[in-house]
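Undergrad: Dropping the structure in here first, questions after.
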Amino acid sequence: MDGKRIMAFIIDYLITAGINAILFMIFIMYPLITKPADVTYPVMLRAFVYTGIAWLYLLIRDIPPCGSIGKLIMKQRIVSADTNAPAVLWQRIVRNLTWILGPVEILVYLIAKKRLGDMLARTTVATLEDNRKNV
């Protein structure tokens with residue numbers, strides 16, 4: 001992975017962390033601080049739910065045709081590996097589903113030097129400059 005692609009992921013991951021932190025503060029910390037201790041308050045369940053909501057961003061971040069916020073900032077696009085044309089919706093969805101298998105995704109990348117999601121969806125990430133040259 002090149003530096004721009006890693007930076008785009010870091011931006012998207014920070015957005016995910018921000019979503020999680022905001023939900024955690026509003027729906028877990030604030031009630032715990034403002035109300036007396038309640039043993040029946042399902043803190044762990046709520047924490048898992050709000051973390052899941054935050055991770056949902058990682059799974060659906062590339063659904064817009066322009067890609068994720070990180071890719072938009074880093075001027076990158078998801079393209080079909082076969083045609084170098086912009087990836088279609090199903091490709092943009094499938095490529096991120098493998099993040100559910102986090103450690104497997106990382107292991108495959110270390111071995112194959114390509115994301116499992118990109119291999120399954122037959123996609124790659126190109127900079128806007130590269131994409132303009134090849135279209």
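Every chain in the structure tokens has a letter given in the order shown (A, B, ...), and although residue numbers restart at 1 in each chain, ligands are simply numbered from 1 in the order shown.
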Which of chain A counts as strand (DSSP E) under DSSP, as a list of chain:residue names please?
TA: A:Gln76, A:Arg77, A:Ile78, A:Val79, A:Ser80, A:Thr123, A:Thr124, A:Val125, A:Ala126, A:Thr127
Undergrad: Do a neighbour search on Trp90 in chain A at 12 Å with only C-alpha atoms, toss out local chain neighbours closer than 5 positions, and write the hits as JSON, numbers by chain.
TA: {"A": [60, 62, 63, 64, 65, 78, 80, 95, 96, 97, 117, 120, 121, 122, 123]}
Undergrad: Pick from A:Lys75, A:Ile15, A:Leu59, A:Asp82: nearest to Leu101 in chain A, with only C-alpha atoms counted?
TA: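 With only C-alpha atoms as the atom set, the closest residue is A:Leu59.
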Undergrad: If you count only C-alpha atoms, which residues fall within 9 Å of Phe24 in chain A, apart from same-chain ones fewer than 6 positions away, as JSON, numbers by chain?
TA: {"A": [30, 46, 47, 50, 51]}
Undergrad: Have a look at A:Asp118, A:Asp2, A:Asp12, A:Glu105 and name the one nearest to Leu56 in chain A; count only C-alpha atoms.
TA: A:Asp12
Undergrad: So which residues touch range 3-5 of chain A within 9 Å, counting only C-alpha atoms, skipping near sequence neighbours fewer than 5 positions away, as a list in words?
TA: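 Answer for this query is Ile10, Gly70, Lys71, Met74, Lys75, Gln76, Val125, Ala126 and Thr127 of chain A.
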Undergrad: So that I have them on file, write out the residues from the current selection with C-alpha atoms, as a compact mmCIF listing (two decimals), in the first residue's frame.
TA:
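Result saved to out-v9.txt:
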```
# COMPACT_ATOMS: atom_id res chain seq x y z
CA ILE A 10 -6.16 6.46 8.97
CA GLY A 70 -10.45 9.57 3.59
CA LYS A 71 -10.23 8.70 -0.10
CA MET A 74 -6.46 11.96 -0.38
CA LYS A 75 -7.87 12.25 -3.94
CA GLN A 76 -8.27 8.54 -4.52
CA VAL A 125 -7.38 2.10 -5.37
CA ALA A 126 -5.99 4.67 -7.78
CA THR A 127 -5.17 8.32 -7.34
```
Undergrad: One number please: CA of Tyr57 in chain A to CA of Ala17 in chain A, in Å, one decimal.
TA: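 For CA of Tyr57 in chain A relative to CA of Ala17 in chain A, the distance reads 10.0 Å.
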Undergrad: To one decimal place, how far is CA of Ile6 in chain A from CA of Ala81 in chain A in Å?
TA: 18.8 Å
